[in-house]
$ cat coords09.pdb   # PDB, C-alpha atoms
ATOM      1  CA  ASP A   1     -30.291   6.021   4.552  1.00  0.00           C
ATOM      2  CA  THR A   2     -26.580   5.323   5.025  1.00  0.00           C
ATOM      3  CA  GLU A   3     -25.265   7.697   2.377  1.00  0.00           C
ATOM      4  CA  VAL A   4     -22.561  10.260   2.251  1.00  0.00           C
ATOM      5  CA  THR A   5     -22.988  12.351  -0.890  1.00  0.00           C
ATOM      6  CA  GLN A   6     -20.090  14.179  -2.485  1.00  0.00           C
ATOM      7  CA  THR A   7     -20.111  16.749  -5.291  1.00  0.00           C
ATOM      8  CA  PRO A   8     -18.705  17.199  -7.812  1.00  0.00           C
ATOM      9  CA  LYS A   9     -17.657  13.683  -8.823  1.00  0.00           C
ATOM     10  CA  HIS A  10     -14.906  15.069 -11.062  1.00  0.00           C
ATOM     11  CA  LEU A  11     -13.164  18.445 -10.971  1.00  0.00           C
ATOM     12  CA  VAL A  12     -10.402  19.841 -13.148  1.00  0.00           C
ATOM     13  CA  MET A  13      -8.902  23.102 -11.968  1.00  0.00           C
ATOM     14  CA  GLY A  14      -5.975  25.339 -12.792  1.00  0.00           C
ATOM     15  CA  MET A  15      -3.347  26.247 -10.247  1.00  0.00           C
ATOM     16  CA  THR A  16      -4.759  29.775  -9.876  1.00  0.00           C
ATOM     17  CA  ASN A  17      -8.397  28.725  -9.503  1.00  0.00           C
ATOM     18  CA  LYS A  18     -10.545  28.670  -6.388  1.00  0.00           C
ATOM     19  CA  LYS A  19     -12.993  25.795  -6.135  1.00  0.00           C
ATOM     20  CA  SER A  20     -14.836  23.823  -3.441  1.00  0.00           C
ATOM     21  CA  LEU A  21     -15.686  20.205  -2.783  1.00  0.00           C
ATOM     22  CA  LYS A  22     -18.953  19.518  -0.976  1.00  0.00           C
ATOM     23  CA  CYS A  23     -20.137  16.693   1.231  1.00  0.00           C
ATOM     24  CA  GLU A  24     -23.517  15.992   2.796  1.00  0.00           C
ATOM     25  CA  GLN A  25     -24.924  13.338   5.135  1.00  0.00           C
ATOM     26  CA  HIS A  26     -28.377  12.960   6.648  1.00  0.00           C
ATOM     27  CA  MET A  27     -27.649  10.203   9.143  1.00  0.00           C
ATOM     28  CA  GLY A  28     -27.521  12.559  12.129  1.00  0.00           C
ATOM     29  CA  HIS A  29     -23.796  11.976  12.454  1.00  0.00           C
ATOM     30  CA  ARG A  30     -21.823  14.517  14.450  1.00  0.00           C
ATOM     31  CA  ALA A  31     -18.334  13.755  13.106  1.00  0.00           C
ATOM     32  CA  MET A  32     -17.218  14.345   9.522  1.00  0.00           C
ATOM     33  CA  TYR A  33     -13.869  13.701   7.868  1.00  0.00           C
ATOM     34  CA  TRP A  34     -11.830  14.583   4.790  1.00  0.00           C
ATOM     35  CA  TYR A  35      -9.356  12.044   3.439  1.00  0.00           C
ATOM     36  CA  LYS A  36      -7.008  12.254   0.460  1.00  0.00           C
ATOM     37  CA  GLN A  37      -6.226   9.133  -1.567  1.00  0.00           C
ATOM     38  CA  LYS A  38      -3.552   8.818  -4.246  1.00  0.00           C
ATOM     39  CA  ALA A  39      -3.698   6.007  -6.791  1.00  0.00           C
ATOM     40  CA  LYS A  40      -3.003   2.543  -5.371  1.00  0.00           C
ATOM     41  CA  LYS A  41      -2.474   3.977  -1.864  1.00  0.00           C
ATOM     42  CA  PRO A  42      -4.588   3.921   1.299  1.00  0.00           C
ATOM     43  CA  PRO A  43      -6.572   7.020   2.292  1.00  0.00           C
ATOM     44  CA  GLU A  44      -4.746   9.622   4.358  1.00  0.00           C
ATOM     45  CA  LEU A  45      -6.617  11.613   6.973  1.00  0.00           C
ATOM     46  CA  MET A  46      -6.681  15.382   6.416  1.00  0.00           C
ATOM     47  CA  PHE A  47      -9.289  16.890   8.756  1.00  0.00           C
ATOM     48  CA  VAL A  48     -11.840  15.817  11.362  1.00  0.00           C
ATOM     49  CA  TYR A  49     -14.813  17.867  12.509  1.00  0.00           C
ATOM     50  CA  SER A  50     -16.581  16.788  15.674  1.00  0.00           C
ATOM     51  CA  TYR A  51     -19.791  18.593  16.659  1.00  0.00           C
ATOM     52  CA  GLU A  52     -19.040  21.196  13.981  1.00  0.00           C
ATOM     53  CA  LYS A  53     -15.653  22.056  15.463  1.00  0.00           C
ATOM     54  CA  LEU A  54     -12.329  21.225  13.830  1.00  0.00           C
ATOM     55  CA  SER A  55     -10.775  18.599  16.078  1.00  0.00           C
ATOM     56  CA  ILE A  56      -7.938  17.237  13.921  1.00  0.00           C
ATOM     57  CA  ASN A  57      -5.831  18.915  11.228  1.00  0.00           C
ATOM     58  CA  GLU A  58      -3.130  16.554  10.018  1.00  0.00           C
ATOM     59  CA  SER A  59      -0.716  19.389   9.170  1.00  0.00           C
ATOM     60  CA  VAL A  60      -2.487  19.985   5.873  1.00  0.00           C
ATOM     61  CA  PRO A  61      -1.186  22.932   3.764  1.00  0.00           C
ATOM     62  CA  SER A  62      -3.282  26.085   4.045  1.00  0.00           C
ATOM     63  CA  ARG A  63      -4.247  25.889   0.361  1.00  0.00           C
ATOM     64  CA  PHE A  64      -6.828  23.380   1.651  1.00  0.00           C
ATOM     65  CA  SER A  65      -9.416  25.052   3.880  1.00  0.00           C
ATOM     66  CA  PRO A  66     -12.204  23.000   5.482  1.00  0.00           C
ATOM     67  CA  GLU A  67     -15.543  24.385   6.571  1.00  0.00           C
ATOM     68  CA  CYS A  68     -18.436  22.805   8.450  1.00  0.00           C
ATOM     69  CA  PRO A  69     -21.484  25.099   8.038  1.00  0.00           C
ATOM     70  CA  ASN A  70     -23.718  22.706  10.004  1.00  0.00           C
ATOM     71  CA  SER A  71     -23.726  19.128  11.233  1.00  0.00           C
ATOM     72  CA  SER A  72     -24.864  17.751   7.858  1.00  0.00           C
ATOM     73  CA  LEU A  73     -22.483  19.619   5.574  1.00  0.00           C
ATOM     74  CA  LEU A  74     -18.740  19.652   5.086  1.00  0.00           C
ATOM     75  CA  ASN A  75     -16.860  21.680   2.487  1.00  0.00           C
ATOM     76  CA  LEU A  76     -13.254  21.692   1.367  1.00  0.00           C
ATOM     77  CA  HIS A  77     -12.177  24.979  -0.192  1.00  0.00           C
ATOM     78  CA  LEU A  78      -9.284  24.736  -2.643  1.00  0.00           C
ATOM     79  CA  HIS A  79      -7.005  27.588  -3.671  1.00  0.00           C
ATOM     80  CA  ALA A  80      -3.643  27.760  -5.445  1.00  0.00           C
ATOM     81  CA  LEU A  81      -3.288  23.982  -5.623  1.00  0.00           C
ATOM     82  CA  GLN A  82      -0.333  22.153  -7.124  1.00  0.00           C
ATOM     83  CA  PRO A  83      -0.420  19.298  -9.656  1.00  0.00           C
ATOM     84  CA  GLU A  84       0.691  16.896  -6.900  1.00  0.00           C
ATOM     85  CA  ASP A  85      -2.596  17.647  -5.096  1.00  0.00           C
ATOM     86  CA  SER A  86      -4.413  15.695  -7.825  1.00  0.00           C
ATOM     87  CA  ALA A  87      -6.086  12.788  -6.024  1.00  0.00           C
ATOM     88  CA  LEU A  88      -9.378  11.276  -4.916  1.00  0.00           C
ATOM     89  CA  TYR A  89     -10.827  13.263  -2.008  1.00  0.00           C
ATOM     90  CA  LEU A  90     -13.061  11.200   0.239  1.00  0.00           C
ATOM     91  CA  CYS A  91     -15.554  12.527   2.746  1.00  0.00           C
ATOM     92  CA  ALA A  92     -16.718  10.337   5.619  1.00  0.00           C
ATOM     93  CA  SER A  93     -18.950  10.573   8.651  1.00  0.00           C
ATOM     94  CA  SER A  94     -19.552   8.729  11.905  1.00  0.00           C
ATOM     95  CA  GLN A  95     -21.880   8.936  14.885  1.00  0.00           C
ATOM     96  CA  ASP A  96     -19.352  10.954  16.860  1.00  0.00           C
ATOM     97  CA  GLY A  97     -15.625  11.650  16.859  1.00  0.00           C
ATOM     98  CA  ARG A  98     -14.636   8.420  18.635  1.00  0.00           C
ATOM     99  CA  VAL A  99     -13.192   6.131  16.002  1.00  0.00           C
ATOM    100  CA  ALA A 100     -13.166   2.911  18.022  1.00  0.00           C
ATOM    101  CA  GLY A 101     -16.450   1.091  17.691  1.00  0.00           C
ATOM    102  CA  ASN A 102     -17.962   3.661  15.373  1.00  0.00           C
ATOM    103  CA  THR A 103     -18.833   2.782  11.825  1.00  0.00           C
ATOM    104  CA  ILE A 104     -17.231   5.322   9.506  1.00  0.00           C
ATOM    105  CA  TYR A 105     -19.222   5.733   6.286  1.00  0.00           C
ATOM    106  CA  PHE A 106     -17.420   6.985   3.195  1.00  0.00           C
ATOM    107  CA  GLY A 107     -18.733   8.837   0.172  1.00  0.00           C
ATOM    108  CA  GLU A 108     -17.880   7.931  -3.415  1.00  0.00           C
ATOM    109  CA  GLY A 109     -15.226  10.631  -3.541  1.00  0.00           C
ATOM    110  CA  SER A 110     -14.387  13.611  -5.735  1.00  0.00           C
ATOM    111  CA  TRP A 111     -11.686  13.090  -8.344  1.00  0.00           C
ATOM    112  CA  LEU A 112      -9.557  16.233  -8.492  1.00  0.00           C
ATOM    113  CA  THR A 113      -7.113  17.011 -11.298  1.00  0.00           C
ATOM    114  CA  VAL A 114      -4.934  20.109 -10.998  1.00  0.00           C
ATOM    115  CA  VAL A 115      -3.494  21.320 -14.290  1.00  0.00           C
TER     116      VAL A 115
ATOM    117  CA  GLY B   1       4.341   4.102  15.744  1.00  0.00           C
ATOM    118  CA  GLU B   2       1.382   2.348  14.208  1.00  0.00           C
ATOM    119  CA  ASP B   3       1.920   0.282  11.095  1.00  0.00           C
ATOM    120  CA  VAL B   4      -0.505  -1.933   9.178  1.00  0.00           C
ATOM    121  CA  GLU B   5       0.799  -4.229   6.447  1.00  0.00           C
ATOM    122  CA  GLN B   6      -0.927  -6.287   3.778  1.00  0.00           C
ATOM    123  CA  SER B   7       0.240  -8.282   0.782  1.00  0.00           C
ATOM    124  CA  LEU B   8      -0.248  -6.307  -2.423  1.00  0.00           C
ATOM    125  CA  PHE B   9      -1.994  -8.771  -4.696  1.00  0.00           C
ATOM    126  CA  LEU B  10      -4.092 -11.945  -4.607  1.00  0.00           C
ATOM    127  CA  SER B  11      -5.480 -13.828  -7.584  1.00  0.00           C
ATOM    128  CA  VAL B  12      -8.156 -16.522  -7.211  1.00  0.00           C
ATOM    129  CA  ARG B  13     -10.553 -18.391  -9.472  1.00  0.00           C
ATOM    130  CA  GLU B  14     -14.291 -17.824  -9.285  1.00  0.00           C
ATOM    131  CA  GLY B  15     -15.869 -20.154  -6.723  1.00  0.00           C
ATOM    132  CA  ASP B  16     -12.672 -20.579  -4.702  1.00  0.00           C
ATOM    133  CA  SER B  17     -12.126 -19.073  -1.242  1.00  0.00           C
ATOM    134  CA  SER B  18      -9.971 -15.959  -0.879  1.00  0.00           C
ATOM    135  CA  VAL B  19      -7.925 -15.195   2.219  1.00  0.00           C
ATOM    136  CA  ILE B  20      -6.549 -11.685   2.634  1.00  0.00           C
ATOM    137  CA  ASN B  21      -4.064 -11.157   5.449  1.00  0.00           C
ATOM    138  CA  CYS B  22      -3.123  -8.129   7.527  1.00  0.00           C
ATOM    139  CA  THR B  23      -0.600  -7.521  10.297  1.00  0.00           C
ATOM    140  CA  TYR B  24      -0.557  -4.566  12.649  1.00  0.00           C
ATOM    141  CA  THR B  25       1.748  -3.277  15.344  1.00  0.00           C
ATOM    142  CA  ASP B  26      -0.424  -1.265  17.745  1.00  0.00           C
ATOM    143  CA  SER B  27      -1.200  -3.547  20.676  1.00  0.00           C
ATOM    144  CA  SER B  28      -3.769  -1.038  21.959  1.00  0.00           C
ATOM    145  CA  SER B  29      -5.955  -1.512  18.873  1.00  0.00           C
ATOM    146  CA  THR B  30      -9.536  -1.863  19.987  1.00  0.00           C
ATOM    147  CA  TYR B  31     -11.369  -2.394  16.709  1.00  0.00           C
ATOM    148  CA  LEU B  32     -10.135  -3.775  13.397  1.00  0.00           C
ATOM    149  CA  TYR B  33     -11.988  -3.155  10.159  1.00  0.00           C
ATOM    150  CA  TRP B  34     -12.144  -4.433   6.598  1.00  0.00           C
ATOM    151  CA  TYR B  35     -13.075  -1.997   3.807  1.00  0.00           C
ATOM    152  CA  LYS B  36     -13.639  -2.765   0.118  1.00  0.00           C
ATOM    153  CA  GLN B  37     -12.890  -0.281  -2.672  1.00  0.00           C
ATOM    154  CA  GLU B  38     -14.092  -1.026  -6.182  1.00  0.00           C
ATOM    155  CA  PRO B  39     -12.456   0.809  -9.125  1.00  0.00           C
ATOM    156  CA  GLY B  40     -13.420   4.485  -9.182  1.00  0.00           C
ATOM    157  CA  ALA B  41     -15.499   4.219  -6.020  1.00  0.00           C
ATOM    158  CA  GLY B  42     -15.326   5.144  -2.354  1.00  0.00           C
ATOM    159  CA  LEU B  43     -14.707   2.809   0.573  1.00  0.00           C
ATOM    160  CA  GLN B  44     -17.387   0.372   1.693  1.00  0.00           C
ATOM    161  CA  LEU B  45     -17.197  -0.970   5.235  1.00  0.00           C
ATOM    162  CA  LEU B  46     -17.479  -4.760   5.013  1.00  0.00           C
ATOM    163  CA  THR B  47     -17.130  -5.796   8.629  1.00  0.00           C
ATOM    164  CA  TYR B  48     -15.277  -5.100  11.840  1.00  0.00           C
ATOM    165  CA  ILE B  49     -14.153  -7.080  14.868  1.00  0.00           C
ATOM    166  CA  PHE B  50     -13.563  -6.057  18.451  1.00  0.00           C
ATOM    167  CA  SER B  51     -10.138  -6.952  19.793  1.00  0.00           C
ATOM    168  CA  ASN B  52     -11.496  -9.325  22.463  1.00  0.00           C
ATOM    169  CA  MET B  53     -13.034 -11.557  19.767  1.00  0.00           C
ATOM    170  CA  ASP B  54     -11.129 -14.078  17.710  1.00  0.00           C
ATOM    171  CA  MET B  55     -13.670 -14.748  14.988  1.00  0.00           C
ATOM    172  CA  LYS B  56     -16.647 -13.100  13.331  1.00  0.00           C
ATOM    173  CA  GLN B  57     -18.764 -14.515  10.525  1.00  0.00           C
ATOM    174  CA  ASP B  58     -21.102 -12.568   8.283  1.00  0.00           C
ATOM    175  CA  GLN B  59     -22.577 -14.526   5.353  1.00  0.00           C
ATOM    176  CA  ARG B  60     -19.638 -15.239   2.978  1.00  0.00           C
ATOM    177  CA  LEU B  61     -17.168 -13.284   5.101  1.00  0.00           C
ATOM    178  CA  THR B  62     -15.166 -14.696   8.003  1.00  0.00           C
ATOM    179  CA  VAL B  63     -12.777 -12.534   9.997  1.00  0.00           C
ATOM    180  CA  LEU B  64     -10.099 -14.209  12.126  1.00  0.00           C
ATOM    181  CA  LEU B  65      -8.076 -12.278  14.691  1.00  0.00           C
ATOM    182  CA  ASN B  66      -4.905 -13.554  16.354  1.00  0.00           C
ATOM    183  CA  LYS B  67      -4.240 -10.843  18.900  1.00  0.00           C
ATOM    184  CA  LYS B  68      -1.031 -12.461  20.177  1.00  0.00           C
ATOM    185  CA  ASP B  69       0.527 -12.353  16.702  1.00  0.00           C
ATOM    186  CA  LYS B  70      -1.321  -9.117  15.746  1.00  0.00           C
ATOM    187  CA  HIS B  71      -2.637 -10.868  12.648  1.00  0.00           C
ATOM    188  CA  LEU B  72      -6.029 -10.310  11.022  1.00  0.00           C
ATOM    189  CA  SER B  73      -7.474 -12.171   8.060  1.00  0.00           C
ATOM    190  CA  LEU B  74     -10.559 -11.897   5.865  1.00  0.00           C
ATOM    191  CA  ARG B  75     -11.858 -15.046   4.214  1.00  0.00           C
ATOM    192  CA  ILE B  76     -14.339 -14.687   1.357  1.00  0.00           C
ATOM    193  CA  ALA B  77     -16.126 -17.940   0.569  1.00  0.00           C
ATOM    194  CA  ASP B  78     -17.284 -18.747  -2.981  1.00  0.00           C
ATOM    195  CA  THR B  79     -15.497 -15.731  -4.429  1.00  0.00           C
ATOM    196  CA  GLN B  80     -17.306 -14.027  -7.297  1.00  0.00           C
ATOM    197  CA  THR B  81     -16.080 -11.666 -10.028  1.00  0.00           C
ATOM    198  CA  GLY B  82     -17.959  -8.869  -8.222  1.00  0.00           C
ATOM    199  CA  ASP B  83     -15.575  -9.344  -5.311  1.00  0.00           C
ATOM    200  CA  SER B  84     -12.696  -8.015  -7.432  1.00  0.00           C
ATOM    201  CA  ALA B  85     -11.555  -4.864  -5.633  1.00  0.00           C
ATOM    202  CA  ILE B  86      -8.914  -3.472  -3.297  1.00  0.00           C
ATOM    203  CA  TYR B  87      -9.381  -4.581   0.304  1.00  0.00           C
ATOM    204  CA  PHE B  88      -8.043  -2.413   3.123  1.00  0.00           C
ATOM    205  CA  CYS B  89      -7.722  -3.482   6.714  1.00  0.00           C
ATOM    206  CA  ALA B  90      -7.729  -0.678   9.274  1.00  0.00           C
ATOM    207  CA  GLU B  91      -7.258  -0.409  12.985  1.00  0.00           C
ATOM    208  CA  SER B  92      -8.247   2.137  15.610  1.00  0.00           C
ATOM    209  CA  GLY B  93      -6.057   2.426  18.646  1.00  0.00           C
ATOM    210  CA  ALA B  94      -4.672   5.003  20.972  1.00  0.00           C
ATOM    211  CA  THR B  95      -4.657   7.833  18.447  1.00  0.00           C
ATOM    212  CA  ASN B  96      -8.439   7.803  17.801  1.00  0.00           C
ATOM    213  CA  LYS B  97      -7.707   7.646  14.078  1.00  0.00           C
ATOM    214  CA  LEU B  98      -8.281   4.936  11.525  1.00  0.00           C
ATOM    215  CA  ILE B  99      -4.906   3.594  10.403  1.00  0.00           C
ATOM    216  CA  PHE B 100      -5.236   1.895   7.032  1.00  0.00           C
ATOM    217  CA  GLY B 101      -3.163  -0.938   5.669  1.00  0.00           C
ATOM    218  CA  THR B 102      -1.478  -0.769   2.306  1.00  0.00           C
ATOM    219  CA  GLY B 103      -4.387  -2.507   0.544  1.00  0.00           C
ATOM    220  CA  THR B 104      -4.637  -5.871  -1.245  1.00  0.00           C
ATOM    221  CA  LEU B 105      -5.829  -6.025  -4.836  1.00  0.00           C
ATOM    222  CA  LEU B 106      -8.043  -9.102  -5.250  1.00  0.00           C
ATOM    223  CA  ALA B 107      -8.381 -10.301  -8.833  1.00  0.00           C
ATOM    224  CA  VAL B 108     -11.032 -12.955  -9.457  1.00  0.00           C
ATOM    225  CA  GLN B 109     -10.568 -14.982 -12.641  1.00  0.00           C
ATOM    226  CA  PRO B 110     -13.723 -16.393 -14.276  1.00  0.00           C
TER     227      PRO B 110
END
$ encode --input "coords09.pdb" --output "structure tokens"
Amino acid sequence: DTEVTQTPKHLVMGMTNKKSLKCEQHMGHRAMYWYKQKAKKPPELMFVYSYEKLSINESVPSRFSPECPNSSLLNLHLHALQPEDSALYLCASSQDGRVAGNTIYFGEGSWLTVV
Amino acid sequence: GEDVEQSLFLSVREGDSSVINCTYTDSSSTYLYWYKQEPGAGLQLLTYIFSNMDMKQDQRLTVLLNKKDKHLSLRIADTQTGDSAIYFCAESGATNKLIFGTGTLLAVQP
């Protein structure tokens, strides 16, 4: 099973709402990632968790708050977002936090629209 | 800094070969990857090549690496309409992060 599952597939939220994106993998991977992708652009790294600890935060605004409850789950909590945060949010996982030589598996993404 | 460039668009006819090119700047890149993204979907890893190799073949896919020129290419033989997608090359180097290229939209005409 080489799947990374993301929910919800689509989310529309107001600027004052609080919502969460969820990601799950059952491949025994110990590194999980959040990426943001705008239309017609490559994905941009947001956060990396390695062995359930936050190892990389790419200077992401605090209105995005990641959480890794266990090695299979990764959440992204959203609060007070702006319309420009509308994008495809991709979760990914790999065997461990070393990128070189590791296959990074991506989920199908969650389409977020902020109104 | 690291930079990965690709041409934006490629159009081919069904049955022809497609060649998608990528250039990168980080000479410490250890692995180079090709991902495919279909409309509305996530990224699918197609293949990857270690920097001490110059070629890798996997069924219809052939990856060529010219490390001296920092040039990577992906050849798709017998291109099908299902191959229509955006193709991203990516490299991993000193920063332990995947650095993606700008993406190439491949349009396959029937």
$ residues_around --input "coords09.pdb" --residues "B:Pro110" --least-positions-apart "6" --cutoff "10 Å" --atoms "all atoms listed in the file" --output "MDAnalysis selection string"
chainID B and resid 12:15 80:81
$ write_last_selection --input "coords09.pdb" --atoms "C-alpha atoms" --output "mmCIF file, in the coordinates of the input"
data_model
loop_
_atom_site.group_PDB
_atom_site.id
_atom_site.type_symbol
_atom_site.label_atom_id
_atom_site.label_comp_id
_atom_site.auth_asym_id
_atom_site.auth_seq_id
_atom_site.Cartn_x
_atom_site.Cartn_y
_atom_site.Cartn_z
ATOM 1 C CA VAL B 12 -8.156 -16.522 -7.211
ATOM 2 C CA ARG B 13 -10.553 -18.391 -9.472
ATOM 3 C CA GLU B 14 -14.291 -17.824 -9.285
ATOM 4 C CA GLY B 15 -15.869 -20.154 -6.723
ATOM 5 C CA GLN B 80 -17.306 -14.027 -7.297
ATOM 6 C CA THR B 81 -16.080 -11.666 -10.028
#
$ resolve_selection --input "coords09.pdb" --expression "the PyMOL selection byres ((chain A) within 7 of (chain B))" --output "number ranges by chain"
A: 41-42, 90, 98-101, 106-109
$ resolve_selection --input "coords09.pdb" --expression "the PyMOL selection byres ((chain B and resi 6) around 6)" --output "list in words"
Glu5, Ser7, Cys22 and Thr102 of chain B
$ write_last_selection --input "coords09.pdb" --atoms "C-alpha atoms" --output "short mmCIF file (atom, residue, chain, number, x, y, z; two decimals), in the frame of the given file"
data_model
loop_
_atom_site.label_atom_id
_atom_site.label_comp_id
_atom_site.auth_asym_id
_atom_site.auth_seq_id
_atom_site.Cartn_x
_atom_site.Cartn_y
_atom_site.Cartn_z
CA GLU B 5 0.80 -4.23 6.45
CA SER B 7 0.24 -8.28 0.78
CA CYS B 22 -3.12 -8.13 7.53
CA THR B 102 -1.48 -0.77 2.31
#
$ resolve_selection --input "coords09.pdb" --expression "the PyMOL selection byres ((chain A and resi 29) around 6)" --output "JSON, numbers by chain"
{"A": [27, 28, 30, 31, 94, 95]}
$ residues_around --input "coords09.pdb" --residues "A:Cys23" --least-positions-apart "4" --cutoff "7 Å" --atoms "only C-alpha atoms" --output "ChimeraX atom specification"
/A:4-7,73-75,91
$ closest_residue --input "coords09.pdb" --among "B:Ser51, B:Gln57, B:Ser28, B:Gln109" --to "B:Gly82" --atoms "all atoms listed in the file"
B:Gln109
$ residues_near_point --input "coords09.pdb" --point "(-14.3, 15.3, 16.8)" --cutoff "10 Å" --atoms "only C-alpha atoms" --output "list in words"
Arg30, Ala31, Met32, Tyr33, Phe47, Val48, Tyr49, Ser50, Tyr51, Glu52, Lys53, Leu54, Ser55, Ile56, Ser94, Asp96, Gly97, Arg98 and Val99 of chain A; Asn96 of chain B
$ write_last_selection --input "coords09.pdb" --atoms "C-alpha atoms" --output "compact mmCIF listing (two decimals), keeping the file's coordinate frame"
# COMPACT_ATOMS: atom_id res chain seq x y z
CA ARG A 30 -21.82 14.52 14.45
CA ALA A 31 -18.33 13.76 13.11
CA MET A 32 -17.22 14.34 9.52
CA TYR A 33 -13.87 13.70 7.87
CA PHE A 47 -9.29 16.89 8.76
CA VAL A 48 -11.84 15.82 11.36
CA TYR A 49 -14.81 17.87 12.51
CA SER A 50 -16.58 16.79 15.67
CA TYR A 51 -19.79 18.59 16.66
CA GLU A 52 -19.04 21.20 13.98
CA LYS A 53 -15.65 22.06 15.46
CA LEU A 54 -12.33 21.22 13.83
CA SER A 55 -10.78 18.60 16.08
CA ILE A 56 -7.94 17.24 13.92
CA SER A 94 -19.55 8.73 11.90
CA ASP A 96 -19.35 10.95 16.86
CA GLY A 97 -15.62 11.65 16.86
CA ARG A 98 -14.64 8.42 18.64
CA VAL A 99 -13.19 6.13 16.00
CA ASN B 96 -8.44 7.80 17.80
$ atom_distance --input "coords09.pdb" --atom1 "atom CA of B:Asn52" --atom2 "atom CA of B:Val19"
21.4 Å
